[in-house]
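Raw contents of my_file_29.txt, compact mmCIF, C-alpha atoms:
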```txt
# COMPACT_ATOMS: atom_id res chain seq x y z
CA MET T 1 169.75 75.97 113.56
CA LYS T 2 168.46 72.49 112.74
CA TRP T 3 171.90 71.04 113.19
CA MET T 4 171.91 71.98 116.87
CA LEU T 5 170.49 68.96 118.66
CA SER T 6 168.77 69.17 122.02
CA CYS T 7 169.91 66.64 124.63
CA LYS T 8 166.64 64.78 124.10
CA GLN T 9 167.28 64.48 120.35
CA ALA T 10 170.89 63.53 120.99
CA SER T 11 169.85 60.77 123.40
CA GLN T 12 167.44 59.38 120.78
CA ILE T 13 170.12 59.35 118.10
CA ILE T 14 172.58 57.70 120.50
CA SER T 15 170.07 54.92 121.16
CA GLN T 16 169.41 54.53 117.41
CA SER T 17 173.12 54.26 116.73
CA LEU T 18 173.13 51.00 118.69
CA ASP T 19 170.65 49.50 116.22
CA SER T 20 171.66 50.77 112.79
CA PRO T 21 174.31 52.97 111.21
CA LEU T 22 173.51 56.68 111.47
CA SER T 23 173.07 58.91 108.45
CA GLY T 24 176.00 61.19 107.73
CA SER T 25 174.15 64.28 108.93
CA ASP T 26 172.98 62.64 112.17
CA ARG T 27 176.52 61.51 112.81
CA MET T 28 177.90 65.03 112.33
CA LYS T 29 175.18 66.62 114.46
CA LEU T 30 175.75 64.09 117.20
CA ARG T 31 179.52 64.50 117.14
CA PHE T 32 179.11 68.24 117.45
CA HIS T 33 176.63 67.89 120.31
CA LEU T 34 178.82 65.45 122.21
CA PHE T 35 181.81 67.75 121.78
CA LEU T 36 179.93 70.38 123.76
CA CYS T 37 177.85 68.28 126.14
CA GLY T 38 179.36 66.29 129.00
CA ALA T 39 176.01 64.89 130.14
CA CYS T 40 175.23 63.31 126.76
CA THR T 41 178.81 62.06 126.46
CA ARG T 42 178.36 60.25 129.76
CA PHE T 43 174.96 59.01 128.60
CA SER T 44 176.49 57.61 125.43
CA ARG T 45 179.22 55.80 127.34
CA GLN T 46 176.70 54.39 129.79
CA LEU T 47 174.46 53.01 127.03
CA ARG T 48 177.44 51.23 125.49
CA LEU T 49 178.41 49.79 128.87
CA LEU T 50 174.80 48.70 129.36
CA SER T 51 174.95 46.75 126.08
CA SER T 52 178.16 44.97 127.05
CA ALA T 53 176.81 44.25 130.52
CA VAL T 54 173.65 42.51 129.34
CA ILE T 55 175.71 40.35 126.96
CA ARG T 56 177.92 39.48 129.93
CA ILE T 57 174.87 38.45 131.97
CA LYS T 58 173.79 36.17 129.12
CA HIS T 59 177.20 34.50 128.96
CA ASN T 60 177.34 34.11 132.72
CA ILE T 61 174.03 32.23 132.76
CA GLU T 62 175.04 30.09 129.77
CA ASN T 63 178.28 29.11 131.46
CA ASP T 64 177.00 28.62 135.00
CA SER T 65 177.04 24.85 135.47
CA SER T 66 175.12 25.21 138.73
CA VAL T 67 172.11 26.30 136.66
CA GLN T 68 170.43 23.05 135.68
CA LEU T 69 167.13 21.92 134.32
CA PRO T 70 165.32 21.05 137.58
CA LEU T 71 164.65 17.34 138.10
CA GLU T 72 160.88 17.88 138.23
CA SER T 73 161.06 19.71 134.91
CA LYS T 74 163.09 16.91 133.41
CA ALA T 75 160.55 14.37 134.64
CA ARG T 76 157.69 16.38 133.15
CA ILE T 77 159.47 16.61 129.82
CA PHE T 78 160.25 12.85 129.81
CA GLN T 79 156.56 12.24 130.37
CA LYS T 80 155.60 14.46 127.44
CA ILE T 81 158.17 12.83 125.20
CA SER T 82 156.91 9.35 125.99
CA SER T 83 153.30 10.18 125.30
CA ALA T 84 154.23 12.01 122.11
CA ILE T 85 156.13 8.95 120.92
CA GLU T 86 153.25 6.65 121.98
CA SER T 87 150.77 8.65 119.94
CA LYS T 88 153.15 8.61 117.00
CA LYS T 89 153.20 4.82 117.15
CA HIS T 90 149.44 4.53 116.70
CA MET O 1 163.32 5.13 113.06
CA ASN O 2 161.43 2.70 115.31
CA THR O 3 159.77 4.17 118.35
CA SER O 4 161.86 2.52 121.05
CA LEU O 5 165.04 3.74 119.38
CA LEU O 6 163.47 7.19 118.99
CA ASN O 7 162.49 7.14 122.64
CA LYS O 8 166.02 6.23 123.65
CA ASN O 9 167.53 8.91 121.42
CA VAL O 10 165.32 11.69 122.68
CA ASN O 11 165.85 10.68 126.30
CA ASP O 12 169.60 10.60 125.70
CA TRP O 13 169.40 14.07 124.16
CA LEU O 14 167.53 15.38 127.16
CA ASN O 15 170.03 13.85 129.56
CA GLU O 16 173.06 15.02 127.65
CA HIS O 17 171.93 18.44 126.46
CA GLY O 18 168.97 19.34 128.68
CA ASP O 19 170.95 21.50 131.09
CA TYR O 20 172.76 23.25 128.25
CA LEU O 21 169.51 23.98 126.41
CA TYR O 22 167.85 25.15 129.61
CA ARG O 23 170.66 27.62 130.34
CA PHE O 24 170.56 28.82 126.74
CA ALA O 25 166.82 29.47 127.05
CA LEU O 26 167.02 30.97 130.54
CA ALA O 27 169.69 33.45 129.44
CA ARG O 28 167.23 34.80 126.86
CA LEU O 29 163.78 34.34 128.41
CA ARG O 30 164.86 35.03 132.02
CA ASP O 31 161.90 33.05 133.35
CA PRO O 32 162.45 29.43 134.52
CA HIS O 33 158.98 28.25 133.46
CA GLN O 34 159.25 29.75 130.01
CA ALA O 35 162.73 28.27 129.68
CA GLU O 36 161.46 24.82 130.65
CA ASP O 37 158.59 25.12 128.15
CA ALA O 38 161.00 26.10 125.39
CA VAL O 39 163.16 23.03 126.10
CA GLN O 40 160.08 20.83 126.10
CA GLU O 41 158.81 22.26 122.82
CA THR O 42 162.26 21.71 121.36
CA MET O 43 162.22 18.03 122.32
CA LEU O 44 158.71 17.55 120.93
CA ALA O 45 159.71 19.22 117.69
CA ALA O 46 162.77 16.98 117.57
CA ILE O 47 160.52 13.90 117.76
CA LYS O 48 158.31 15.12 114.95
CA SER O 49 161.17 16.11 112.71
CA ASN O 50 163.16 13.51 110.87
CA SER O 51 165.76 16.00 109.79
CA PHE O 52 168.52 14.99 112.19
CA GLU O 53 170.97 12.98 110.17
CA GLY O 54 173.79 12.87 112.62
CA ALA O 55 175.86 15.01 110.27
CA SER O 56 175.79 17.95 112.65
CA SER O 57 176.05 17.38 116.37
CA ALA O 58 172.78 16.76 118.17
CA ARG O 59 173.48 19.78 120.36
CA THR O 60 173.87 22.13 117.41
CA TRP O 61 170.73 20.75 115.82
CA LEU O 62 168.69 21.04 119.04
CA THR O 63 169.98 24.56 119.71
CA GLY O 64 168.81 25.56 116.24
CA ILE O 65 165.31 24.34 117.07
CA LEU O 66 165.43 25.99 120.49
CA LYS O 67 166.23 29.40 118.99
CA HIS O 68 162.93 29.27 117.11
CA LYS O 69 161.05 28.14 120.22
CA ILE O 70 162.51 31.06 122.17
CA ILE O 71 161.29 33.53 119.56
CA ASP O 72 157.86 31.83 119.59
CA SER O 73 157.71 32.28 123.34
CA GLN O 74 158.74 35.93 123.13
CA ARG O 75 156.22 36.64 120.40
CA LYS O 76 153.49 35.12 122.57
CA GLN O 77 154.63 37.04 125.65
CA PHE O 78 154.78 40.26 123.70
CA ARG O 79 151.25 39.80 122.37
CA GLU O 80 149.79 38.95 125.74
CA GLN O 81 151.44 41.69 127.71
CA PRO O 82 149.30 44.73 128.45
CA LEU O 83 149.70 47.87 126.41
CA SER O 84 148.81 50.13 129.32
CA ASP O 85 152.22 51.61 129.89
CA LEU O 86 152.82 52.15 126.20
CA ILE O 87 149.76 54.12 125.26
CA ASP O 88 151.49 57.04 123.62
CA LEU O 89 154.04 54.97 121.76
CA ASP O 90 153.60 56.94 118.57
CA ALA O 91 153.88 60.27 120.29
CA SER O 92 157.61 59.93 120.50
CA ASP O 93 158.06 63.66 120.94
CA THR O 94 156.08 63.90 124.14
CA SER O 95 156.75 60.49 125.59
CA MET O 96 159.95 61.10 127.48
CA ASP O 97 158.77 63.94 129.69
CA ASP O 98 160.14 62.18 132.74
CA PHE O 99 163.66 62.71 131.51
CA PHE O 100 163.64 66.07 129.68
CA ASP O 101 162.11 69.52 130.07
CA LYS O 102 160.10 71.11 127.28
CA ASN O 103 163.26 72.47 125.68
CA GLY O 104 164.80 69.03 125.50
CA HIS O 105 167.28 69.59 128.34
CA TRP O 106 168.01 66.81 130.81
CA LEU O 107 165.94 67.17 133.98
CA ASP O 108 168.59 65.13 135.78
CA LYS O 109 171.85 65.16 133.93
CA PRO O 110 173.47 61.75 133.71
CA GLN O 111 176.13 61.70 136.40
CA THR O 112 179.50 60.11 136.19
CA LEU O 113 178.67 56.60 137.25
CA ASP O 114 181.26 54.62 139.04
CA MET O 115 180.89 51.92 136.44
CA PRO O 116 183.99 51.65 134.35
CA GLU O 117 184.68 48.53 132.31
CA GLU O 118 185.64 46.72 135.51
CA ALA O 119 182.00 46.88 136.57
CA LEU O 120 181.40 44.06 134.12
CA GLU O 121 183.43 41.79 136.38
CA GLN O 122 181.41 42.70 139.42
CA LYS O 123 178.64 40.35 140.37
CA GLN O 124 176.86 43.04 142.34
CA PHE O 125 176.68 45.36 139.35
CA LEU O 126 175.33 42.62 137.08
CA ASN O 127 172.81 41.58 139.75
CA ILE O 128 171.51 45.13 140.02
CA LEU O 129 171.21 45.30 136.25
CA SER O 130 169.29 42.00 136.18
CA GLY O 131 166.92 43.42 138.77
CA CYS O 132 166.45 46.52 136.63
CA ILE O 133 165.56 44.41 133.56
CA ASP O 134 162.97 42.56 135.67
CA LYS O 135 161.42 45.90 136.65
CA LEU O 136 160.94 47.07 133.05
CA PRO O 137 157.41 46.95 131.64
CA ALA O 138 157.18 43.42 130.20
CA LYS O 139 156.83 44.44 126.56
CA LEU O 140 159.89 46.64 126.79
CA ALA O 141 161.86 43.88 128.48
CA THR O 142 160.98 41.43 125.71
CA ILE O 143 162.00 43.68 122.85
CA PHE O 144 165.12 44.75 124.73
CA MET O 145 166.18 41.13 125.27
CA MET O 146 165.62 40.35 121.59
CA ARG O 147 167.68 43.29 120.41
CA ASP O 148 170.46 43.77 122.96
CA VAL O 149 170.86 40.24 124.34
CA GLN O 150 170.00 38.02 121.37
CA GLU O 151 171.34 40.65 118.97
CA THR O 152 168.43 40.12 116.59
CA ASP O 153 168.41 42.75 113.86
CA ASN O 154 165.65 45.34 113.82
CA GLU O 155 164.01 44.10 110.67
CA ALA O 156 163.56 40.62 112.14
CA ILE O 157 162.24 42.07 115.41
CA CYS O 158 159.61 44.12 113.58
CA LYS O 159 158.56 41.06 111.61
CA GLU O 160 158.36 38.72 114.62
CA LEU O 161 156.61 41.16 116.94
CA GLU O 162 154.54 42.83 114.22
CA VAL O 163 155.56 46.36 115.16
CA THR O 164 156.66 49.23 112.96
CA ALA O 165 160.31 50.26 112.85
CA THR O 166 159.38 53.48 114.63
CA ASN O 167 157.59 51.67 117.44
CA ALA O 168 160.53 49.31 117.81
CA TRP O 169 163.05 52.09 118.22
CA VAL O 170 160.83 54.03 120.60
CA MET O 171 160.46 50.93 122.77
CA LEU O 172 164.18 50.19 122.68
CA TYR O 173 164.91 53.82 123.54
CA ARG O 174 162.54 53.71 126.48
CA ALA O 175 163.93 50.42 127.70
CA ARG O 176 167.50 51.76 127.62
CA MET O 177 166.51 55.06 129.25
CA GLY O 178 164.74 53.14 131.98
CA LEU O 179 167.61 50.74 132.57
CA ARG O 180 170.21 53.50 132.66
CA LYS O 181 168.15 55.45 135.16
CA CYS O 182 167.57 52.37 137.28
CA LEU O 183 171.30 51.64 137.33
CA GLU O 184 172.08 55.23 138.22
CA ILE O 185 169.72 55.07 141.19
CA HIS O 186 170.70 51.65 142.51
CA TRP O 187 174.37 51.50 141.70
CA ILE O 188 175.40 54.94 142.97
CA THR O 189 173.45 54.79 146.17
CA GLY O 190 173.56 51.03 146.49
```
Using structure tokens, write down the structure that the file contains.
Amino acid sequence: MKWMLSCKQASQIISQSLDSPLSGSDRMKLRFHLFLCGACTRFSRQLRLLSSAVIRIKHNIENDSSVQLPLESKARIFQKISSAIESKKH
Amino acid sequence: MNTSLLNKNVNDWLNEHGDYLYRFALARLRDPHQAEDAVQETMLAAIKSNSFEGASSARTWLTGILKHKIIDSQRKQFREQPLSDLIDLDASDTSMDDFFDKNGHWLDKPQTLDMPEEALEQKQFLNILSGCIDKLPAKLATIFMMRDVQETDNEAICKELEVTATNAWVMLYRARMGLRKCLEIHWITG
């Protein structure tokens, strides 16, 4: 009986599988559950797509040359740098 | 290094690499002010440190410092964010009642989303997802960014945020459940 997962348990194991390798028994139980359950199979696919999508968002920001350190920010940082160097001098 | 040379170097670094470092920070912290602060802290640390020998590129060296500053910022955020929405973190068995009935069946079965791999190329899809991340409770968003975006391993996350492994996985689970639901609502009907 214990090897029959509920959808709730299956969803938890699916999330865990994104963070660390599953134990052999969890992997078997999950495979069996997914074989029978379309909803959790969709859930599993969607979580994997979610992971790829957030990585894509990261890369898009990193590569977007229109995203720049605002001039005011740069000025503030220059200011901080100068006073830090001044205080180092003394 | 004399101070005028140091001043020139650091200013050159900021001019040459400031935008790159800012984008790097923004992609992980998501907040412009926090990203600016992280760049500033990186520059100040660069002044204090004498470890740059010119053997590696300045950009690689500065990015290495920035990574630590980003984690510092996240640790601070995580500590300062309210616990209110996470009260029953340890009660992992009863904490997902919004999604499952008492027998562990889906209340709303995940539907076939119209989000095949091509969705990744769609700006609208990614914008909706960004909006969903912004709507997460702040603590969940922070740990989610560390794990799924920065790809920090769980052990390091637990150490940095001072949470147990169980708490970390419950928070990641909740974050992912919340994001998936948010996408389902806004992408299907959007």
Using all atoms listed in the file and a cut-off of 8 Å, which residues of chain T sit close to chain O? Please list them as a ChimeraX atom specification.
/T:6-9,12,15-16,19,39-40,42-43,46-47,49-59,61-64,67-69,73-74,77-78,80-82,84-86,89
Would you place a box with edges along x, y and z of the file around all atoms of region 66-78 of chain O listed there, add 5 Å to each of its six sides, and report the centre and edge lengths in Å to one decimal, as lines of an AutoDock Vina configuration file?
```
center_x = 159.9
center_y = 33.1
center_z = 121.4
size_x = 22.7
size_y = 24.3
size_z = 18.5
```
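Near Ile14 (chain T), within 8 Å and counting all atoms listed in the file, sit Ala10, Ser11, Ser17, Leu18, Leu30 and Ser44 of chain T, not including residues fewer than 3 positions from it in the same chain.
Counting only C-alpha atoms, Leu136 (chain O) has the following residues at most 9 Å away, ignoring those fewer than 5 positions along the same chain: Ala141, Ala175, Gly178 and Leu179 of chain O.
A straight line drawn from CA of Glu80 (chain O) to CA of His186 (chain O) is 29.7 Å long.
You will find CA of Phe78 (chain O) at 10.7 Å from CA of Pro137 (chain O).
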Of the residues O:Ala168, O:Glu155, O:Lys76, O:Trp13, which is the one nearest to Trp61 (chain O), using only C-alpha atoms?
O:Trp13
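For the choices O:Gln122, O:Arg75, O:Lys181, O:Lys135, the atom-to-atom distance to Cys158 (chain O) is smallest for O:Arg75 when using only C-alpha atoms.
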